[in-house]
Amino acid sequence: MIKSVGIQENEWQAKWINHSCKDFDNSKGMPVPYFRKSFKLAQKARCARVMICGLGYFELYLNGEKAGDEVLNPPFTKYDATVLYCTYDVTSMLKTGENVLGVILGNGMYNMYAGSTWNHNTSPWRHHPKLLLKAEFEMEDGTSSILTSDDTWKTATGPIISDNLYEGEIYDARLEMPDWCRDGFDDAGWTKAAVCRGPGGILKPMDMEPCRVVGTIEPYFLKEIKPGVWLCDFGKNISGWVKLKVKGRAGARVTLRFAEKLDDNGDIDPSNINSFTDKDKFQTDVYILKGNGEEIWEPRFVYHGFQYVRIEGFPGKPDKNSITGCIVNTDLKERGSFQCSNDLLNKIQSACLSSTLGNYHGMPTDCPHREKNGWTGDALISAEQVLLNLNPIKAYKKWMRDFIDCQRPNGQLPGIVPTGGWGFNWGSGPTWDSAFILIPWYIYLYDGDTSILPDIYDAAVRYVEFITSMSIGFTVDFGLGDWCPPEGGADSYKCPSIVTDTAFYYIDALMLSRFAGILGHKADKKKYEKLAEKIRKAFNTKFINSKTGEVTGNCQTSYSCALYYGLVEGDVKNKIAVKLIKEVERCNRHIDCGILGAKYVLHVLNDLGRPDLAYAIATQTTFPGWGNWIERGATTLWETWNGDSSRNHHMFSDISAWFYKCLAGINPDPENPGFRHIILKPSPVEGLDWVRCSHECPFGLIECSWRVEGGKLYINAVIPEKSRATLYLPEKYKDCTVVEAKGSLVII
C-alpha cells in the first residue's frame with residue numbers, strides 16, 4: 001500500500017456496489033461476497049494505482065495476486081461520518097492484454113450482526129458489505145484511463161460462509177473458486193453487482209499504519225485431552241489467528257475454539273471472556289476440508305485473543321506443524337527499549353508491550369476477544385508508555401478524529417470510540433473522556449507535534465464546556481472512577497469518583513489553556529487558565545483537610561491524585577505525601593488502587609524521593625500486583641488484580657512509563673517538548689544492579705543507562721545532536737559518580 005491521496009467521492013466517478021441482494025436481515029450475516037472485473041490494456045502501463053474503500057474489511061487482488069500485505073483493512077470508524085480508503089501502486093502487477101481486478105469483502109464492525117452489550121448490531125450504518133473503487137492507468141505513450149466500480153462488475157459468494165469479529169469465520173473449502181481473479185476464469189454463473197447507497201461518511205485517506213501479521217509462533221505443547229479433542233498451548237497470550245495445515249476427506253470439519261485460560265480438567269475455559277455475546281459461537285473458527293491433499297488455511301476477516309486453541313475434528317493426529325499462531329496487530333514500530341537486572345521487571349515490561357500491541361487493531365482496544373472496543377480510559381492511562389515504547393502518532397491522530405465524529409453537539413463524548421451510539425450514558429465521564437485532550441497533549445510533549453491541535457481544538461472546547469455544564473461549584477461527579485481495584489467489583493473503588501473527575505476537569509482546563517496558547521487564541525488561554533484555577537481552589541476546599549493532609553477517600557488513589565496533578569502545594573502537599581507513604585506501608589508495600597491510582601502512585605513516590613518504595617510495590621509477587629500476575633503465568637497484563645476477567649488488557653501498563661521515566665530517568669521537558677531538552681533523572685534503587693534504556697525521539701536516539709559496582713554509580717548517556725539534556729545525579733551517589741556522556745549534557 002502506498003500513502004493515500006486526498007480525493008473527494010464525487011471525483012471518483014465510481015459507484016458504491018454490493019452483492020446483488022436487496023433484502024437485509026439484521027439478525028445474521030451472509031456468505032462473503034467476491035467481486036471481479038476484467039479489463040484490457042493495449043500497452044504496458046507506466047504507472048497505475050487503485051484507490052479502494054471496502055466495508056467492513058477488504059482484500060484487493062489483481063491477476064490472482066493480493067495487493068499489499070495488510071490485513072483487517074480499513075480500520076473501524078464511525079462509518080456514517082468517516083470512511084477510510086487505501087491507495088495501492090499496482091504497476092508491477094499489470095500485464096499487456098487481459099487483466100482482472102478482484103475484491104473480497106468482510107463484515108468487520110460495519111455489518112456486526114451478532115448481538116452484544118455494546119449494540120454494534122444496531123449501529124445506524126449497518127448494511128451489506130460494499131465497495132467503492134477507482135483505478136487509474138498511465139500508459140507509456142502518455143495516454144491515461146480509469147476503471148471504476150459500477151454494475152458491470154461481476155459478483156458471487158464463495159467459500160467463506162460467515163465472518164464475525166466476535167464469533168469467528170466458517171470456511172468451506174469445497175466452495176473454493178480456483179483462479180477466480182485470473183484471466184480465463186468462467187464467470188458466467190456470477191451475477192451483476194448491484195449499485196447501492198454508500199455508508200454516508202466522508203471519504204478520507206487512511207493515513208496510519210495498517211494491521212499486518214507481524215509474527216508467527218509455534219505451539220508450546222499439543223496434547224489430546226479426550227478422544228478426538230486436542231489442546232494447543234502457544235505458551236503466551238496473543239491476538240490474531242492460527243494457520244491450519246490439514247489433510248483428510250472432503251467434508252471433514254475442523255473446529256477451532258480459542259481461550260486464554262484452562263479449567264481444572266485441562267480443557268479451555270472461556271467463561272472469563274464470553275459473557276457478552278453468544279457463548280456457543282464465541283471465538284470459534286470452522287474449516288471444512290475439500291479433500292485434495294494438504295490444505296493450508298487461515299481466516300481473513302476475524303481475529304481472536306488467546307493462548308489456547310481447542311481442536312476438534314482434526315483428521316488423524318495433529319503435530320506442531322499442523323497449527324501456527326499468527327500474531328496480528330496494527331504495525332506500530334518500536335522506538336524504545338528497557339532492560340534491567342531484575343528479570344521480573346523485564347517480564348512486566350514484555351507483558352506491557354504485548355498487551356499494548358495485542359490491543360491495537362486500527363484503534364487502541366480494551367481486549368482482543370470479549371469486546372474489541374476503543375475504551376477511552378484504557379488508552380488514556382497507557383498513552384505515555386505507548387509513546388515511549390512505540391511510534392503511534394499517526395494511529396492516535398486517526399483515533400482523535402474518531403472522537404470528533406462521535407461527539408454530540410453539546411460536547412458530550414462516549415466511553416468507547418468509535419461507537420454506533422452506545423456509551424454516552426454509561427462508561428464515560430471525565431476520567432475516560434479526557435483521552436481526547438490528554439493524548440494530544442502527550443503527542444505534543446513526547447514528539448513536539450502540534451498538527452492535530454487545530455483539528456481537535458473546537459471539539460475540545462465543546463467538551464470542556466460540557467463538563468462545566470455538569471459541574472456544581474467547579475466540581476464534577478459523573479461516569480467511571482478508579483476502575484478495577486483489588487477488592488470487590490470493578491466499581492468498588494475507595495477513591496470517590498468526584499475526586500478523580502474533578503482532578504481531570506482541572507487538568508483538561510489547564511491543557512486547553514495551553515492548546516489555546518500554542519494556537520494563538522489569547523482570550524481562550526486566559527479563560528481556561530482562570531477556569532483551571534477555580535477548579536483547583538474548589539478541589540482544595542471540598543476534598544482536602546489542610547490541617548491533617550487527609551484527602552476525601554483517604555486512600556492511595558486520593559492522595560496520589562492530588563499530588564500527581566499538582567493540585568496542592570507547600571505544607572499541605574507535604575502532609576499529603578506523608579499520608580500516602582503511610583498508606584503504602586499500611587498495605588505492606590502493595591498497590592491498593594484501580595487503573596488511575598496505579599498510574600499515579602509509582603510516579604508520585606519517585607517525585608517524593610521514595611523510588612525504593614515504588615520499586616517495592618512494582619516487585620511484589622504476592623497479591624495484588626504486576627509481579628503476582630507474572631508469578632501466576634501471565635505474559636500479558638490482566639484486567640483485574642485477581643485475574644477473574646480478561647487476561648489481555650493494557651490499562652495497567654503505565655508501569656512501563658515508570659520504568660523509562662523514573663528507573664532509567666528519561667523525561668521530556670514540557671517547556672521544550674519533543675525531547676528538544678531532555679530531563680535525565682535516573683533512580684538507582686537497592687536490589688537493582690543495572691538499567692539499560694533508550695528512546696528514539698524526533699531528534700535521534702536517547703540513551704540513559706546505569707550500573708552500580710562497588711558502591712559507585714556509572715551512568716552512560718547519549719544525547720541526540722540537536723537536543724540538549726540536564727542530568728540530575730541521585731543524592732546518594734553525587735560524590736562517587738562516573739559519567740560517560742555523548743552529546744550536550746549539563747550535570748546537576
# chains A, B, ... in the order shown; residues from 1 in each chain; ligands from 1
>>> residues_around(residues="region 537-544 of chain A", least_positions_apart="5", cutoff="8 Å", atoms="only C-alpha atoms", output="tab-separated table (two decimals) with N, CA, C and O atoms, in the first residue's frame")
chain	number	residue	atom	x	y	z
A	473	GLY	N	-20.32	24.00	41.60
A	473	GLY	CA	-19.25	24.61	42.38
A	473	GLY	C	-17.87	24.21	41.90
A	473	GLY	O	-16.95	24.06	42.69
A	474	PHE	N	-17.72	24.03	40.59
A	474	PHE	CA	-16.45	23.67	39.95
A	474	PHE	C	-15.94	22.29	40.37
A	474	PHE	O	-14.74	22.01	40.31
A	475	THR	N	-16.85	21.42	40.78
A	475	THR	CA	-16.53	20.00	40.95
A	475	THR	C	-17.51	19.21	40.09
A	475	THR	O	-18.62	19.67	39.82
A	499	VAL	N	-13.66	12.95	43.24
A	499	VAL	CA	-12.27	13.40	43.41
A	499	VAL	C	-11.52	13.29	42.09
A	499	VAL	O	-10.90	14.25	41.61
A	502	THR	N	-13.03	15.55	39.23
A	502	THR	CA	-12.68	16.96	39.36
A	502	THR	C	-11.22	17.19	39.02
A	502	THR	O	-10.87	18.22	38.41
A	503	ALA	N	-10.36	16.25	39.37
A	503	ALA	CA	-8.95	16.37	39.01
A	503	ALA	C	-8.78	16.39	37.49
A	503	ALA	O	-8.00	17.19	36.95
A	549	GLY	N	-3.94	16.85	56.21
A	549	GLY	CA	-3.45	16.25	54.97
A	549	GLY	C	-4.36	15.16	54.44
A	549	GLY	O	-4.02	14.47	53.46
A	550	GLU	N	-5.53	14.99	55.04
A	550	GLU	CA	-6.47	13.98	54.54
A	550	GLU	C	-7.11	14.46	53.24
A	550	GLU	O	-7.39	15.64	53.07
A	551	VAL	N	-7.32	13.53	52.33
A	551	VAL	CA	-8.00	13.78	51.06
A	551	VAL	C	-9.20	12.85	51.00
A	551	VAL	O	-9.09	11.66	51.36
A	552	THR	N	-10.33	13.36	50.57
A	552	THR	CA	-11.55	12.56	50.54
A	552	THR	C	-11.28	11.18	49.94
A	552	THR	O	-10.76	11.06	48.84
A	567	LEU	N	-2.31	19.63	42.34
A	567	LEU	CA	-3.46	20.35	42.87
A	567	LEU	C	-3.19	20.94	44.25
A	567	LEU	O	-4.00	21.73	44.75
A	568	VAL	N	-2.08	20.56	44.85
A	568	VAL	CA	-1.74	21.05	46.18
A	568	VAL	C	-0.29	21.51	46.19
A	568	VAL	O	0.50	21.14	45.32
>>> select_by_dssp(residues="region 169-365 of chain A", states="strand (DSSP E)", output="MDAnalysis selection string")
chainID A and resid 169:172 191:192 194:195 202:205 211:217 221:226 229:246 253:259 284:288 295:297 304:312 323:330 336:340
>>> residues_around(residues="region 353-363 of chain A", least_positions_apart="6", cutoff="7 Å", atoms="only C-alpha atoms", output="ChimeraX atom specification")
/A:75-76,211,238-239,329-330,374,395,399,636-637,648-650
>>> write_last_selection(atoms="all heavy atoms", output="CSV table (one decimal), in the first residue's frame")
chain,number,residue,atom,x,y,z
A,75,PRO,N,-9.4,0.4,9.0
A,75,PRO,CA,-9.8,0.4,10.4
A,75,PRO,C,-11.2,0.8,10.6
A,75,PRO,O,-11.8,1.5,9.8
A,75,PRO,CB,-8.8,1.5,11.0
A,75,PRO,CG,-7.7,1.6,10.0
A,75,PRO,CD,-8.3,1.3,8.6
A,76,PHE,N,-11.8,0.5,11.8
A,76,PHE,CA,-13.1,0.8,12.2
A,76,PHE,C,-13.2,2.3,12.4
A,76,PHE,O,-12.4,3.0,13.0
A,76,PHE,CB,-13.3,0.1,13.5
A,76,PHE,CG,-14.7,0.3,14.2
A,76,PHE,CD1,-15.8,0.7,13.4
A,76,PHE,CD2,-14.8,0.1,15.5
A,76,PHE,CE1,-17.0,0.9,14.1
A,76,PHE,CE2,-16.1,0.3,16.2
A,76,PHE,CZ,-17.2,0.7,15.4
A,211,CYS,N,-2.9,-2.9,9.8
A,211,CYS,CA,-2.7,-4.2,10.5
A,211,CYS,C,-2.0,-5.1,9.6
A,211,CYS,O,-2.2,-5.2,8.4
A,211,CYS,CB,-4.1,-4.8,10.9
A,211,CYS,SG,-4.9,-4.1,12.3
A,238,ILE,N,-1.7,-14.1,22.9
A,238,ILE,CA,-1.5,-13.4,21.7
A,238,ILE,C,-2.9,-12.9,21.1
A,238,ILE,O,-3.9,-13.4,21.5
A,238,ILE,CB,-0.7,-14.1,20.6
A,238,ILE,CG1,-1.5,-15.4,20.1
A,238,ILE,CG2,0.6,-14.6,21.1
A,238,ILE,CD1,-0.9,-16.1,18.9
A,239,SER,N,-2.8,-12.1,20.2
A,239,SER,CA,-4.0,-11.7,19.4
A,239,SER,C,-3.7,-12.0,17.9
A,239,SER,O,-2.7,-11.7,17.5
A,239,SER,CB,-4.5,-10.3,19.6
A,239,SER,OG,-3.5,-9.4,19.1
A,329,ASN,N,-1.6,-7.3,14.6
A,329,ASN,CA,-2.0,-6.0,15.2
A,329,ASN,C,-1.6,-4.9,14.2
A,329,ASN,O,-0.9,-5.1,13.2
A,329,ASN,CB,-1.3,-5.8,16.5
A,329,ASN,CG,0.2,-6.1,16.5
A,329,ASN,OD1,0.7,-7.1,17.0
A,329,ASN,ND2,1.0,-5.1,16.0
A,330,THR,N,-2.0,-3.7,14.5
A,330,THR,CA,-1.5,-2.5,13.8
A,330,THR,C,0.0,-2.5,13.9
A,330,THR,O,0.6,-2.7,15.0
A,330,THR,CB,-2.1,-1.2,14.4
A,330,THR,OG1,-3.6,-1.3,14.2
A,330,THR,CG2,-1.6,0.0,13.7
A,374,GLY,N,-12.9,0.5,21.6
A,374,GLY,CA,-11.9,1.5,21.9
A,374,GLY,C,-12.2,2.3,23.1
A,374,GLY,O,-12.6,3.5,23.1
A,395,ALA,N,-1.5,6.7,14.2
A,395,ALA,CA,-2.7,6.0,14.7
A,395,ALA,C,-3.5,6.8,15.7
A,395,ALA,O,-4.7,6.7,15.7
A,395,ALA,CB,-2.2,4.7,15.3
A,399,TRP,N,-7.5,8.2,15.6
A,399,TRP,CA,-8.4,7.9,16.7
A,399,TRP,C,-9.0,9.2,17.3
A,399,TRP,O,-10.2,9.3,17.6
A,399,TRP,CB,-7.7,7.1,17.8
A,399,TRP,CG,-8.7,6.5,18.7
A,399,TRP,CD1,-9.8,5.8,18.4
A,399,TRP,CD2,-8.6,6.4,20.2
A,399,TRP,NE1,-10.4,5.3,19.5
A,399,TRP,CE2,-9.7,5.7,20.6
A,399,TRP,CE3,-7.7,6.9,21.1
A,399,TRP,CZ2,-9.9,5.4,22.0
A,399,TRP,CZ3,-7.9,6.7,22.4
A,399,TRP,CH2,-9.0,5.9,22.9
A,636,THR,N,0.8,-11.3,29.4
A,636,THR,CA,0.2,-10.1,29.1
A,636,THR,C,-0.4,-9.5,30.4
A,636,THR,O,-0.6,-10.3,31.4
A,636,THR,CB,-0.9,-10.2,28.0
A,636,THR,OG1,-1.8,-11.3,28.4
A,636,THR,CG2,-0.4,-10.4,26.7
A,637,LEU,N,-0.8,-8.3,30.5
A,637,LEU,CA,-1.4,-7.7,31.6
A,637,LEU,C,-2.9,-8.1,31.7
A,637,LEU,O,-3.5,-8.3,30.7
A,637,LEU,CB,-1.3,-6.2,31.6
A,637,LEU,CG,0.1,-5.6,31.5
A,637,LEU,CD1,0.1,-4.1,31.6
A,637,LEU,CD2,1.0,-6.2,32.6
A,648,ASN,N,-5.9,-10.1,28.8
A,648,ASN,CA,-5.1,-9.3,27.9
A,648,ASN,C,-5.7,-7.9,27.8
A,648,ASN,O,-6.5,-7.5,26.9
A,648,ASN,CB,-5.1,-9.9,26.5
A,648,ASN,CG,-4.0,-9.3,25.6
A,648,ASN,OD1,-3.5,-8.2,25.9
A,648,ASN,ND2,-3.8,-9.9,24.5
A,649,HIS,N,-5.3,-7.1,28.8
A,649,HIS,CA,-5.7,-5.7,28.9
A,649,HIS,C,-4.5,-4.8,29.1
A,649,HIS,O,-3.5,-5.2,29.7
A,649,HIS,CB,-6.6,-5.4,30.1
A,649,HIS,CG,-8.1,-5.3,29.8
A,649,HIS,ND1,-8.8,-6.4,29.2
A,649,HIS,CD2,-9.0,-4.3,30.0
A,649,HIS,CE1,-10.1,-6.0,29.1
A,649,HIS,NE2,-10.2,-4.7,29.5
A,650,HIS,N,-4.5,-3.6,28.6
A,650,HIS,CA,-3.3,-2.7,28.7
A,650,HIS,C,-3.5,-1.6,29.7
A,650,HIS,O,-2.6,-0.7,29.8
A,650,HIS,CB,-2.9,-2.2,27.3
A,650,HIS,CG,-4.0,-1.3,26.7
A,650,HIS,ND1,-3.9,0.0,26.6
A,650,HIS,CD2,-5.1,-1.7,26.0
A,650,HIS,CE1,-5.0,0.5,26.0
A,650,HIS,NE2,-5.7,-0.5,25.6
>>> closest_residue(among="A:Ser322, A:Gln412, A:Asn606, A:Thr640", to="Trp483 (chain A)", atoms="only C-alpha atoms")
A:Thr640
>>> residues_around(residues="region 101-117 of chain A", least_positions_apart="4", cutoff="7 Å", atoms="only C-alpha atoms", output="ChimeraX atom specification")
/A:26-29,32-38,54-63,76,121,126-129,163-165,181,276-277,301
>>> residues_around(residues="Glu70 (chain A)", least_positions_apart="5", cutoff="8 Å", atoms="only C-alpha atoms", output="list in words")
Met1, Pro210, Cys211, Arg212 and Val213 of chain A
>>> select_by_dssp(residues="region 249-446 of chain A", states="helix (DSSP H, G or I)", output="PyMOL selection string")
chain A and resi 270-272+343-358+376-389+393-406+430-433+435-446
>>> residues_around(residues="region 143-152 of chain A", least_positions_apart="4", cutoff="9 Å", atoms="only C-alpha atoms", output="ChimeraX atom specification")
/A:12-17,37,39,131-139,192-195
>>> atom_distance(atom1="CA of Gln307 (chain A)", atom2="CA of Ala259 (chain A)")
6.2 Å
>>> atom_distance(atom1="CA of Glu294 (chain A)", atom2="CA of Lys247 (chain A)")
4.7 Å
>>> closest_residue(among="A:Pro485, A:Pro414, A:Gly251, A:Gly643", to="Thr431 (chain A)", atoms="only C-alpha atoms")
A:Pro414
>>> residues_around(residues="region 571-581 of chain A", least_positions_apart="2", cutoff="12 Å", atoms="only C-alpha atoms", output="PyMOL selection string")
chain A and resi 540+543-569+583-592+597+600-602+604-614+617
